[in-house]
file final29.txt (compact mmCIF, C-alpha atoms and all ligand atoms)
# COMPACT_ATOMS: atom_id res chain seq x y z
CA MET A 8 -16.94 -28.61 -33.58
CA ILE A 9 -16.10 -25.01 -34.53
CA GLU A 10 -18.22 -23.81 -31.60
CA ALA A 11 -16.36 -26.09 -29.18
CA ASN A 12 -13.02 -24.77 -30.46
CA LEU A 13 -14.22 -21.18 -30.13
CA SER A 14 -15.36 -21.71 -26.58
CA GLN A 15 -12.01 -23.33 -25.72
CA THR A 16 -10.17 -20.35 -27.21
CA HIS A 17 -12.36 -17.99 -25.17
CA GLN A 18 -11.68 -19.93 -22.02
CA ARG A 19 -7.92 -19.95 -22.69
CA LEU A 20 -7.96 -16.20 -23.39
CA GLY A 21 -9.86 -15.62 -20.15
CA GLU A 22 -7.27 -17.63 -18.23
CA ILE A 23 -4.40 -15.66 -19.75
CA ILE A 24 -6.03 -12.32 -18.92
CA TYR A 25 -6.71 -13.51 -15.38
CA SER A 26 -3.05 -14.56 -14.96
CA TYR A 27 -1.81 -11.11 -16.01
CA TYR A 28 -4.32 -9.58 -13.61
CA GLN A 29 -2.96 -11.78 -10.80
CA LEU A 30 0.59 -10.75 -11.67
CA THR A 31 -0.24 -7.21 -10.50
CA LYS A 32 -1.18 -8.39 -6.93
CA PRO A 33 -4.50 -6.59 -7.42
CA ARG A 34 -5.79 -6.83 -3.84
CA ILE A 35 -3.23 -4.35 -2.55
CA ILE A 36 -3.78 -1.66 -5.19
CA PRO A 37 -7.16 -0.26 -3.95
CA LEU A 38 -5.65 0.84 -0.63
CA LEU A 39 -2.72 2.49 -2.42
CA LEU A 40 -5.32 4.38 -4.47
CA VAL A 41 -7.24 5.37 -1.35
CA THR A 42 -4.08 7.08 -0.02
CA THR A 43 -3.68 8.81 -3.42
CA ALA A 44 -7.28 10.02 -3.26
CA ALA A 45 -6.74 11.34 0.28
CA GLY A 46 -3.72 13.31 -0.98
CA MET A 47 -5.82 14.73 -3.81
CA TRP A 48 -8.75 15.84 -1.68
CA MET A 49 -6.49 17.33 0.96
CA ALA A 50 -4.63 19.26 -1.75
CA GLY A 51 -7.87 20.36 -3.43
CA GLU A 52 -9.49 21.36 -0.11
CA GLY A 53 -12.55 19.29 -0.97
CA LYS A 54 -12.73 20.07 -4.68
CA VAL A 55 -11.17 17.66 -7.14
CA ASP A 56 -11.72 17.71 -10.88
CA PRO A 57 -13.27 14.30 -11.80
CA PHE A 58 -11.11 13.95 -14.95
CA LEU A 59 -7.95 14.65 -12.96
CA LEU A 60 -9.06 12.13 -10.35
CA LEU A 61 -9.73 9.45 -12.95
CA ILE A 62 -6.42 9.89 -14.79
CA THR A 63 -4.38 10.09 -11.58
CA LEU A 64 -5.95 6.92 -10.18
CA LEU A 65 -5.49 5.17 -13.52
CA GLY A 66 -1.85 6.28 -13.74
CA GLY A 67 -1.32 5.21 -10.12
CA THR A 68 -2.90 1.82 -10.78
CA LEU A 69 -0.69 1.22 -13.81
CA ALA A 70 2.46 2.22 -11.90
CA ALA A 71 1.63 0.00 -8.90
CA ALA A 72 0.73 -2.89 -11.19
CA SER A 73 4.03 -2.46 -13.05
CA ALA A 74 5.97 -2.45 -9.76
CA GLN A 75 4.20 -5.60 -8.53
CA ALA A 76 4.76 -7.45 -11.81
CA LEU A 77 8.49 -6.62 -11.69
CA ASN A 78 8.58 -7.84 -8.09
CA CYS A 79 6.93 -11.11 -9.18
CA ILE A 80 9.68 -11.64 -11.76
CA TYR A 81 12.50 -10.88 -9.34
CA ASP A 82 11.06 -12.98 -6.50
CA ARG A 83 9.95 -15.95 -8.60
CA ASP A 84 12.45 -18.29 -6.88
CA ILE A 85 11.22 -17.65 -3.35
CA ASP A 86 7.61 -17.35 -4.51
CA TYR A 87 7.91 -20.89 -5.88
CA THR A 88 9.04 -22.24 -2.50
CA MET A 89 6.51 -20.48 -0.28
CA GLU A 90 3.07 -22.08 -0.01
CA ARG A 91 1.31 -18.67 0.05
CA THR A 92 2.90 -17.53 -3.21
CA ARG A 93 3.43 -20.81 -5.10
CA HIS A 94 0.31 -20.33 -7.21
CA ARG A 95 1.32 -16.92 -8.54
CA PRO A 96 1.44 -16.78 -12.37
CA ILE A 97 5.23 -17.04 -12.80
CA PRO A 98 6.11 -19.83 -10.33
CA SER A 99 3.09 -21.83 -11.49
CA GLY A 100 4.31 -21.55 -15.11
CA LYS A 101 1.29 -19.63 -16.42
CA ILE A 102 3.38 -16.62 -17.49
CA GLN A 103 6.98 -16.61 -18.68
CA PRO A 104 9.29 -14.05 -16.97
CA ARG A 105 10.11 -12.45 -20.35
CA ASP A 106 6.41 -11.83 -21.10
CA ALA A 107 5.89 -10.52 -17.58
CA ALA A 108 8.80 -8.10 -18.10
CA LEU A 109 7.28 -6.76 -21.34
CA PHE A 110 3.92 -6.39 -19.59
CA ALA A 111 5.50 -4.51 -16.64
CA ILE A 112 7.46 -2.18 -18.94
CA ALA A 113 4.30 -1.47 -20.96
CA LEU A 114 2.31 -0.64 -17.81
CA GLY A 115 5.06 1.61 -16.43
CA THR A 116 5.46 3.44 -19.73
CA LEU A 117 1.72 3.94 -20.09
CA SER A 118 1.53 5.28 -16.54
CA PHE A 119 4.32 7.79 -17.23
CA ILE A 120 2.73 8.95 -20.49
CA LEU A 121 -0.73 9.34 -18.93
CA LEU A 122 0.46 11.19 -15.84
CA SER A 123 2.93 13.46 -17.61
CA ALA A 124 0.53 14.29 -20.47
CA PHE A 125 -2.72 14.78 -18.53
CA VAL A 126 -1.65 15.48 -14.93
CA ASN A 127 1.88 16.86 -14.47
CA LEU A 128 5.53 15.84 -14.64
CA LEU A 129 5.97 15.82 -10.86
CA SER A 130 3.27 13.19 -10.30
CA ALA A 131 4.62 11.11 -13.20
CA LEU A 132 8.17 11.23 -11.82
CA LEU A 133 6.96 10.37 -8.31
CA ALA A 134 5.12 7.30 -9.61
CA MET A 135 8.27 6.21 -11.46
CA ALA A 136 10.28 6.81 -8.28
CA GLY A 137 7.81 4.48 -6.51
CA ILE A 138 8.50 1.70 -8.99
CA VAL A 139 12.28 2.18 -8.83
CA PHE A 140 12.32 2.38 -5.02
CA TYR A 141 10.15 -0.71 -4.62
CA MET A 142 12.29 -2.73 -7.03
CA ALA A 143 15.83 -1.44 -6.47
CA ILE A 144 15.74 -0.58 -2.77
CA TYR A 145 13.12 -2.90 -1.26
CA THR A 146 13.06 -5.99 -3.50
CA HIS A 147 16.72 -6.06 -4.58
CA LEU A 148 18.76 -4.43 -1.81
CA LEU A 149 16.79 -4.97 1.38
CA LYS A 150 14.18 -7.75 1.29
CA ARG A 151 16.60 -10.68 1.47
CA HIS A 152 19.31 -8.96 3.51
CA THR A 153 18.01 -7.08 6.56
CA THR A 154 15.24 -7.16 9.16
CA GLN A 155 14.74 -3.45 8.40
CA ASN A 156 13.66 -4.36 4.84
CA ILE A 157 10.07 -3.24 5.19
CA VAL A 158 10.84 -0.23 7.38
CA ILE A 159 12.99 1.45 4.73
CA GLY A 160 11.25 -0.27 1.80
CA GLY A 161 7.92 0.90 3.17
CA ALA A 162 8.70 4.32 1.73
CA ALA A 163 7.72 2.96 -1.70
CA GLY A 164 4.21 2.20 -0.48
CA ALA A 165 3.92 5.72 0.92
CA ILE A 166 4.71 7.43 -2.40
CA PRO A 167 1.16 7.14 -3.86
CA ALA A 168 0.00 9.66 -1.22
CA LEU A 169 2.55 12.15 -2.61
CA VAL A 170 1.39 11.41 -6.16
CA GLY A 171 -2.15 12.39 -5.16
CA TRP A 172 -1.15 15.75 -3.68
CA ALA A 173 1.28 16.54 -6.51
CA ALA A 174 -1.43 15.78 -9.10
CA VAL A 175 -3.56 18.63 -7.73
CA ARG A 176 -0.99 21.20 -6.57
CA ASN A 177 2.11 20.35 -8.58
CA ASP A 178 4.25 20.80 -5.45
CA LEU A 179 5.03 19.03 -2.16
CA THR A 180 4.50 20.88 1.13
CA TRP A 181 4.48 19.65 4.76
CA ALA A 182 0.97 18.19 4.57
CA PRO A 183 1.68 15.57 1.86
CA TRP A 184 4.95 14.66 3.54
CA LEU A 185 3.02 14.05 6.76
CA LEU A 186 0.58 11.79 4.91
CA PHE A 187 3.62 10.02 3.46
CA ALA A 188 5.02 9.66 6.99
CA LEU A 189 1.72 8.18 8.25
CA VAL A 190 1.76 5.42 5.62
CA PHE A 191 5.47 4.93 6.30
CA LEU A 192 4.92 4.53 10.08
CA TRP A 193 1.86 2.35 9.50
CA THR A 194 3.70 -0.15 7.30
CA PRO A 195 5.77 -1.91 10.02
CA PRO A 196 2.74 -2.74 12.24
CA HIS A 197 0.75 -3.69 9.09
CA PHE A 198 3.38 -6.02 7.73
CA TRP A 199 4.92 -7.42 10.92
CA ALA A 200 1.48 -8.42 12.22
CA LEU A 201 1.09 -10.48 9.04
CA ALA A 202 4.69 -11.72 9.21
CA LEU A 203 4.03 -13.07 12.73
CA MET A 204 1.35 -15.30 11.18
CA ILE A 205 3.45 -16.53 8.26
CA LYS A 206 6.96 -16.40 9.66
CA ASP A 207 7.65 -20.07 8.92
CA ASP A 208 7.14 -19.40 5.21
CA TYR A 209 9.71 -16.60 5.26
CA ALA A 210 12.10 -18.69 7.41
CA GLN A 211 11.91 -21.50 4.85
CA VAL A 212 13.25 -19.25 2.08
CA GLY A 213 15.75 -17.38 4.24
CA VAL A 214 14.05 -13.98 4.03
CA PRO A 215 15.09 -12.21 7.26
CA MET A 216 11.71 -10.77 8.24
CA LEU A 217 11.87 -9.44 11.82
CA PRO A 218 9.83 -12.26 13.48
CA VAL A 219 12.11 -14.86 11.87
CA VAL A 220 15.37 -13.28 13.08
CA ALA A 221 14.44 -11.47 16.30
CA GLY A 222 11.44 -13.53 17.43
CA GLU A 223 7.87 -12.71 18.37
CA GLU A 224 8.57 -10.71 21.51
CA ALA A 225 10.96 -8.28 19.83
CA THR A 226 8.59 -7.93 16.86
CA THR A 227 5.53 -7.11 18.93
CA GLY A 228 7.69 -4.62 20.88
CA GLN A 229 8.63 -2.92 17.61
CA ILE A 230 4.99 -2.97 16.45
CA TRP A 231 4.06 -1.21 19.67
CA VAL A 232 6.76 1.46 19.23
CA TYR A 233 5.69 2.25 15.65
CA SER A 234 2.02 2.34 16.67
CA LEU A 235 2.88 4.74 19.51
CA ILE A 236 4.53 7.09 17.03
CA LEU A 237 1.87 6.63 14.32
CA VAL A 238 -1.22 7.52 16.33
CA PRO A 239 -0.16 10.93 17.72
CA SER A 240 1.46 11.74 14.36
CA SER A 241 -1.89 11.27 12.65
CA LEU A 242 -3.24 14.21 14.66
CA LEU A 243 -0.53 16.58 13.38
CA LEU A 244 -2.60 17.02 10.21
CA VAL A 245 -5.10 18.90 12.39
CA TYR A 246 -2.58 20.78 14.50
CA PRO A 247 -0.19 22.42 13.69
CA LEU A 248 -0.64 21.80 9.95
CA HIS A 249 -4.37 22.67 9.68
CA ALA A 250 -4.50 20.44 6.59
CA SER A 251 -7.49 18.59 7.99
CA GLY A 252 -10.21 19.48 10.46
CA LEU A 253 -11.91 18.32 13.65
CA LEU A 254 -13.99 15.58 12.03
CA TYR A 255 -10.83 13.94 10.75
CA GLY A 256 -9.24 14.49 14.18
CA LEU A 257 -12.09 12.64 15.85
CA VAL A 258 -11.90 9.76 13.36
CA ALA A 259 -8.09 9.56 13.75
CA ALA A 260 -8.35 9.54 17.54
CA ILE A 261 -10.95 6.74 17.64
CA LEU A 262 -9.13 4.63 15.04
CA GLY A 263 -5.83 5.30 16.81
CA PHE A 264 -7.22 4.16 20.14
CA ILE A 265 -8.34 0.83 18.63
CA PHE A 266 -5.00 0.44 16.82
CA LEU A 267 -3.07 0.99 20.06
CA LYS A 268 -5.32 -1.39 21.97
CA LYS A 269 -4.77 -4.17 19.44
CA ALA A 270 -1.00 -3.55 19.33
CA TRP A 271 -0.87 -3.56 23.15
CA LEU A 272 -2.85 -6.81 23.45
CA LEU A 273 -0.52 -8.45 20.92
CA LYS A 274 2.50 -7.22 22.88
CA GLN A 275 1.11 -9.03 25.95
CA VAL A 276 0.85 -12.37 24.11
CA PRO A 277 3.37 -12.21 21.23
CA THR A 278 2.74 -15.80 20.12
CA ASP A 279 -1.03 -15.38 19.71
CA LYS A 280 -1.67 -15.61 15.97
CA ASP A 281 -5.32 -14.58 16.35
CA LEU A 282 -4.26 -11.27 17.92
CA ALA A 283 -1.72 -10.78 15.12
CA ARG A 284 -4.42 -11.50 12.50
CA SER A 285 -6.77 -9.10 14.20
CA LEU A 286 -4.18 -6.29 14.11
CA PHE A 287 -3.27 -7.04 10.48
CA LYS A 288 -6.91 -6.90 9.37
CA PHE A 289 -7.57 -3.78 11.39
CA SER A 290 -4.46 -2.10 9.95
CA ILE A 291 -6.11 -2.19 6.52
CA LEU A 292 -9.42 -0.84 7.82
CA TYR A 293 -7.50 1.81 9.78
CA MET A 294 -5.72 3.21 6.72
CA MET A 295 -8.89 3.06 4.64
CA LEU A 296 -10.99 4.94 7.21
CA LEU A 297 -8.24 7.42 8.08
CA CYS A 298 -8.04 8.39 4.39
CA ALA A 299 -11.84 8.44 4.13
CA GLY A 300 -11.78 10.79 7.13
CA ILE A 301 -9.41 13.13 5.29
CA VAL A 302 -11.66 13.13 2.21
CA VAL A 303 -14.95 13.66 4.06
CA ASP A 304 -13.41 16.30 6.31
CA SER A 305 -12.26 18.30 3.28
CA LEU A 306 -15.69 18.44 1.61
CA PRO A 307 -17.51 21.81 1.50
CA ILE A 308 -20.65 20.17 2.97
CA THR A 309 -18.64 19.11 6.04
CA HIS A 310 -17.30 22.64 6.49
CA TYR A 311 -20.85 23.93 6.22
CA LEU A 312 -22.22 21.42 8.76
CA VAL A 313 -19.36 21.98 11.20
CA GLY A 314 -19.95 25.73 10.81
CA THR A 315 -23.59 25.33 11.88
CA LEU A 316 -22.64 23.57 15.13
CA PRO A 317 -23.13 25.76 18.20
CA ASN A 318 -19.85 27.10 19.60
CA ILE A 319 -18.85 25.27 22.76
C1 LIG A 401 7.03 -2.77 2.32
C2 LIG A 401 5.75 -2.59 2.58
C3 LIG A 401 4.70 -3.69 2.58
C4 LIG A 401 4.84 -5.03 2.64
C5 LIG A 401 6.12 -5.83 2.71
C6 LIG A 401 3.51 -5.60 2.58
C7 LIG A 401 3.24 -6.96 2.56
C8 LIG A 401 1.99 -7.50 2.45
C9 LIG A 401 1.74 -8.89 2.27
C10 LIG A 401 2.82 -9.97 2.18
C11 LIG A 401 0.41 -9.06 2.21
C12 LIG A 401 -0.34 -10.37 2.00
C13 LIG A 401 -0.66 -10.42 0.55
C14 LIG A 401 -0.88 -11.77 0.02
O1 LIG A 401 -1.35 -12.64 0.76
O2 LIG A 401 -0.58 -11.97 -1.18
C15 LIG A 401 -0.19 -7.77 2.34
C16 LIG A 401 -1.54 -7.53 2.31
C17 LIG A 401 -2.07 -6.29 2.11
N1 LIG A 401 -1.38 -5.11 2.03
FE1 LIG A 401 0.55 -4.83 2.44
N2 LIG A 401 2.59 -4.59 2.51
C18 LIG A 401 3.27 -3.41 2.47
C19 LIG A 401 2.74 -2.17 2.35
C20 LIG A 401 1.42 -1.94 2.02
C21 LIG A 401 0.91 -0.65 1.66
C22 LIG A 401 1.72 0.64 1.59
C23 LIG A 401 -0.42 -0.83 1.41
C24 LIG A 401 -1.44 0.18 1.02
C25 LIG A 401 -1.44 1.42 1.45
C26 LIG A 401 -0.72 -2.23 1.64
C27 LIG A 401 -1.96 -2.80 1.52
C28 LIG A 401 -2.27 -4.11 1.73
C29 LIG A 401 -3.60 -4.67 1.64
C30 LIG A 401 -4.88 -3.92 1.32
C31 LIG A 401 -3.47 -6.05 1.89
C32 LIG A 401 -4.61 -7.08 1.95
C33 LIG A 401 -4.76 -7.77 0.64
C34 LIG A 401 -5.84 -8.84 0.75
O3 LIG A 401 -7.01 -8.49 0.84
O4 LIG A 401 -5.47 -10.00 0.76
N3 LIG A 401 0.42 -2.87 2.01
N4 LIG A 401 0.78 -6.82 2.49
C1 LIG A 402 3.93 4.87 -6.66
C2 LIG A 402 4.18 3.42 -6.70
C3 LIG A 402 4.04 2.75 -7.99
C4 LIG A 402 4.53 2.78 -5.58
C5 LIG A 402 4.70 1.31 -5.49
C6 LIG A 402 4.03 0.91 -4.24
C7 LIG A 402 3.94 -0.55 -4.04
C8 LIG A 402 3.84 -1.42 -5.22
C9 LIG A 402 3.88 -1.00 -2.80
C10 LIG A 402 3.69 -2.40 -2.50
C11 LIG A 402 4.01 -2.73 -1.09
C12 LIG A 402 3.79 -4.19 -0.91
C13 LIG A 402 2.42 -4.69 -0.88
C14 LIG A 402 4.80 -5.01 -0.78
C15 LIG A 402 4.64 -6.50 -0.73
O1 LIG A 402 5.81 -7.00 -0.32
P1 LIG A 402 6.43 -8.28 -0.99
O2 LIG A 402 6.58 -7.99 -2.45
O3 LIG A 402 7.65 -8.65 -0.29
O4 LIG A 402 5.26 -9.33 -0.72
P2 LIG A 402 5.15 -10.86 -1.05
O5 LIG A 402 5.83 -11.59 0.04
O6 LIG A 402 3.67 -11.09 -1.06
O7 LIG A 402 5.77 -11.06 -2.41

call {"tool": "encode", "arguments": {"input": "final29.txt", "output": "C-alpha cells", "more": "lines below"}}
Ligand code: HEM
Ligand SMILES: CC(C)=CCC/C(C)=C/CC/C(C)=C/COP(=O)(O)OP(=O)(O)O
result
Amino acid sequence: MIEANLSQTHQRLGEIIYSYYQLTKPRIIPLLLVTTAAGMWMAGEGKVDPFLLLITLLGGTLAAASAQALNCIYDRDIDYTMERTRHRPIPSGKIQPRDAALFAIALGTLSFILLSAFVNLLSALLAMAGIVFYMAIYTHLLKRHTTQNIVIGGAAGAIPALVGWAAVRNDLTWAPWLLFALVFLWTPPHFWALALMIKDDYAQVGVPMLPVVAGEEATTGQIWVYSLILVPSSLLLVYPLHASGLLYGLVAAILGFIFLKKAWLLKQVPTDKDLARSLFKFSILYMMLLCAGIVVDSLPITHYLVGTLPNI
C-alpha cells in the first residue's frame, strides 16, 4: 500500500517536472546555444575556457527558458485554440499561469546572477535584453498586430550570438553584430517556411503571419529576398571582417547554395507544403552547420592544417 502510494507520488512528481520542462519549449534552445557557442569561439579565436563556456551556456539556457515560459503565459489563449499548441502545459491545465510566472522569474533571475557573477555584466544584460525584447516587442507589440512580427521580433532570437561574443571579450565589435545579422536574416525564411505549412492554425486565431495575410506567393517571394541577402552576407565574416577563415567560407558557400536552391524551388510552387517543409528543416541544419563551421574554422588545429596546404 505504502509502496503503491510512493510510486504514484514519484509518477506525479515526474509529470510535474516534465510539464515545467515543456513550458520552456526545449527543442528550440539547443540551436540558440549553438549560435552562442559560435560567438564564443569566434571571439576566443579557437580558445574558450571550459568553465566560461559551461556557465555562459547555462545562463543562456536559463534566459531562453524564462523567455519561453513568459511567452507561454502571455499566449495561453491562442495556444489553447491552435491544435499544434493545445497540449502545452498552461492551456492543457497542467500548470497554472501564476506558477509559470514564478518559475519564469526564478529562471531569469538565476540567469542574471550566474552571468553577472561568473561571466560579465554585458553578457548578463544582453540576455535580459533578449527576454524583454522577445516578450515586450515580439510577443506583446508585434505578434498579433503586423505581418512584420517575426522580422523585427527575430532580433530577440539573434541576441544569444551577441551573448556568446560578449562573454569572451566583454565588448561588441563588427564580427558579433554580423553574426547577429545572419540569425536575424535567417529567421524570416526559417519561420515563414513553417508558417506556410501551418497557416490555417494562425488564421484561426487571427495572428497575422505573412502567409495568412499576404498569401503564399508573396511569402515565398519574401523568403527568396531574405535568402538572397543572407547567403552573401554570411561570407562577409571571411572578407572584409577576417573573423573566420576559408574553411568556414567553403561551408557557408555550400550551405548557402542549397538554401538558395530550396528557397527558389519553393518560390516556383508556393503552395507546395513539402517544399516548404524541406526548407524549414534545412534552415535548422543550415544554422547548425554554419555555426559549427565558425567553431571548427577557429580551432588552432584547423589553422595548422590549412597552413600545411600547398600555396595555390
Ligand atoms: C521570431 C523568431 C522565430 C519564430 C517566430 C520561430 C517560430 C518557430 C516555431 C513556431 C517553431 C515550431 C515549434 C513547435 O512546433 O512548437 C519553430 C521551430 C524551431 N525553431 Fe524557430 N522561430 C524563431 C526563431 C528561431 C531562432 C532564432 C532559432 C535558433 C537559432 C530557432 C530554432 C528553432 C528550432 C531548432 C526549431 C525546431 C524545433 C523542433 O525540433 O521541433 N527559431 N520555430
Ligand atoms: C537571449 C535570449 C534569452 C533570447 C530569447 C530568444 C528566444 C527565446 C527566441 C525564441 C524565438 C522563437 C522560437 C519564437 C517562437 O515564436 P512563438 O512564440 O510565436 O511560437 P509559437 O507559435 O510556437 O508559440

call {"tool": "residues_near_ligand", "arguments": {"input": "final29.txt", "ligand": "ligand LIG 402 (chain A)", "cutoff": "7 Å", "atoms": "all atoms listed in the file", "output": "VMD selection string"}}
result
chain A and resid 35 67 70 to 72 74 to 75 78 to 79 82 86 92 133 to 138 141 146 150 161 163 to 164 166 to 167

call {"tool": "closest_atom_pairs", "arguments": {"input": "final29.txt", "of": "chain A", "to": "ligand LIG 401 (chain A)", "cutoff": "6 Å", "atoms": "all atoms listed in the file", "output": "Markdown table"}}
result
| residue | atom | partner | partner_atom | distance |
| --- | --- | --- | --- | --- |
| A:Arg34 | CA | A:LIG401 | C33 | 4.7 |
| A:Ile35 | CA | A:LIG401 | C29 | 4.2 |
| A:Leu38 | CA | A:LIG401 | C24 | 4.6 |
| A:Leu39 | CA | A:LIG401 | C25 | 4.2 |
| A:Ile157 | CA | A:LIG401 | C1 | 4.2 |
| A:Gly160 | CA | A:LIG401 | C1 | 4.9 |
| A:Gly161 | CA | A:LIG401 | C1 | 3.9 |
| A:Gly164 | CA | A:LIG401 | C22 | 3.6 |
| A:Ala165 | CA | A:LIG401 | C22 | 5.6 |
| A:Thr194 | CA | A:LIG401 | C19 | 5.4 |
| A:Phe198 | CA | A:LIG401 | C6 | 5.2 |
| A:Ile291 | CA | A:LIG401 | C30 | 5.6 |

call {"tool": "closest_residue", "arguments": {"input": "final29.txt", "among": "A:Lys274, A:Arg91, A:Arg176, A:Arg151", "to": "Ile205 in chain A", "atoms": "only C-alpha atoms"}}
result
A:Arg91

call {"tool": "closest_atom_pairs", "arguments": {"input": "final29.txt", "of": "range 121-224 of chain A", "to": "range 292-310 of chain A", "cutoff": "12 Å", "atoms": "only C-alpha atoms", "output": "JSON lines"}}
result
{"residue": "A:Ala165", "atom": "CA", "partner": "A:Met294", "partner_atom": "CA", "distance": 11.5}
{"residue": "A:Ala168", "atom": "CA", "partner": "A:Cys298", "partner_atom": "CA", "distance": 9.9}
{"residue": "A:Gly171", "atom": "CA", "partner": "A:Cys298", "partner_atom": "CA", "distance": 11.9}
{"residue": "A:Ala182", "atom": "CA", "partner": "A:Ile301", "partner_atom": "CA", "distance": 11.6}
{"residue": "A:Pro183", "atom": "CA", "partner": "A:Ile301", "partner_atom": "CA", "distance": 11.9}
{"residue": "A:Leu186", "atom": "CA", "partner": "A:Cys298", "partner_atom": "CA", "distance": 9.3}
{"residue": "A:Phe187", "atom": "CA", "partner": "A:Cys298", "partner_atom": "CA", "distance": 11.8}
{"residue": "A:Leu189", "atom": "CA", "partner": "A:Met294", "partner_atom": "CA", "distance": 9.1}
{"residue": "A:Val190", "atom": "CA", "partner": "A:Met294", "partner_atom": "CA", "distance": 7.9}
{"residue": "A:Phe191", "atom": "CA", "partner": "A:Met294", "partner_atom": "CA", "distance": 11.3}
{"residue": "A:Leu192", "atom": "CA", "partner": "A:Met294", "partner_atom": "CA", "distance": 11.2}
{"residue": "A:Trp193", "atom": "CA", "partner": "A:Met294", "partner_atom": "CA", "distance": 8.1}
{"residue": "A:Thr194", "atom": "CA", "partner": "A:Met294", "partner_atom": "CA", "distance": 10.0}
{"residue": "A:Pro196", "atom": "CA", "partner": "A:Tyr293", "partner_atom": "CA", "distance": 11.5}
{"residue": "A:His197", "atom": "CA", "partner": "A:Met294", "partner_atom": "CA", "distance": 9.8}

call {"tool": "residues_around", "arguments": {"input": "final29.txt", "residues": "range 23-28 of chain A", "least_positions_apart": "2", "cutoff": "8 Å", "atoms": "only C-alpha atoms", "output": "ChimeraX atom specification"}}
result
/A:19-21,30-33,96,101-102,107

call {"tool": "write_last_selection", "arguments": {"input": "final29.txt", "atoms": "C-alpha atoms", "output": "short mmCIF file (atom, residue, chain, number, x, y, z; two decimals), in the coordinates of the input"}}
result
data_model
loop_
_atom_site.label_atom_id
_atom_site.label_comp_id
_atom_site.auth_asym_id
_atom_site.auth_seq_id
_atom_site.Cartn_x
_atom_site.Cartn_y
_atom_site.Cartn_z
CA ARG A 19 -7.92 -19.95 -22.69
CA LEU A 20 -7.96 -16.20 -23.39
CA GLY A 21 -9.86 -15.62 -20.15
CA LEU A 30 0.59 -10.75 -11.67
CA THR A 31 -0.24 -7.21 -10.50
CA LYS A 32 -1.18 -8.39 -6.93
CA PRO A 33 -4.50 -6.59 -7.42
CA PRO A 96 1.44 -16.78 -12.37
CA LYS A 101 1.29 -19.63 -16.42
CA ILE A 102 3.38 -16.62 -17.49
CA ALA A 107 5.89 -10.52 -17.58
#

call {"tool": "atom_distance", "arguments": {"input": "final29.txt", "atom1": "CA of Met49 in chain A", "atom2": "CA of Phe289 in chain A"}}
result
23.6 Å

call {"tool": "closest_residue", "arguments": {"input": "final29.txt", "among": "A:Gly252, A:Pro239, A:Gly213, A:Pro247", "to": "Phe264 in chain A", "atoms": "only C-alpha atoms"}}
result
A:Pro239

call {"tool": "closest_residue", "arguments": {"input": "final29.txt", "among": "A:Ala131, A:Met8, A:Ile112, A:Ile85", "to": "Thr63 in chain A", "atoms": "only C-alpha atoms"}}
result
A:Ala131

call {"tool": "atom_distance", "arguments": {"input": "final29.txt", "atom1": "CA of Lys288 in chain A", "atom2": "CA of Tyr233 in chain A"}}
result
16.8 Å

call {"tool": "closest_residue", "arguments": {"input": "final29.txt", "among": "A:Leu69, A:Leu242, A:Ala50, A:Ile97", "to": "Asp84 in chain A", "atoms": "only C-alpha atoms"}}
result
A:Ile97

call {"tool": "atom_distance", "arguments": {"input": "final29.txt", "atom1": "CA of Leu257 in chain A", "atom2": "CA of Ala173 in chain A"}}
result
26.3 Å

call {"tool": "residues_around", "arguments": {"input": "final29.txt", "residues": "Ala283 in chain A", "least_positions_apart": "4", "cutoff": "12 Å", "atoms": "only C-alpha atoms", "output": "PyMOL selection string"}}
result
chain A and resi 196-206+218+223+226-227+230+266+269-279+287-290

call {"tool": "closest_residue", "arguments": {"input": "final29.txt", "among": "A:Thr180, A:Leu61, A:Asp106, A:His147", "to": "Leu121 in chain A", "atoms": "all atoms listed in the file"}}
result
A:Leu61
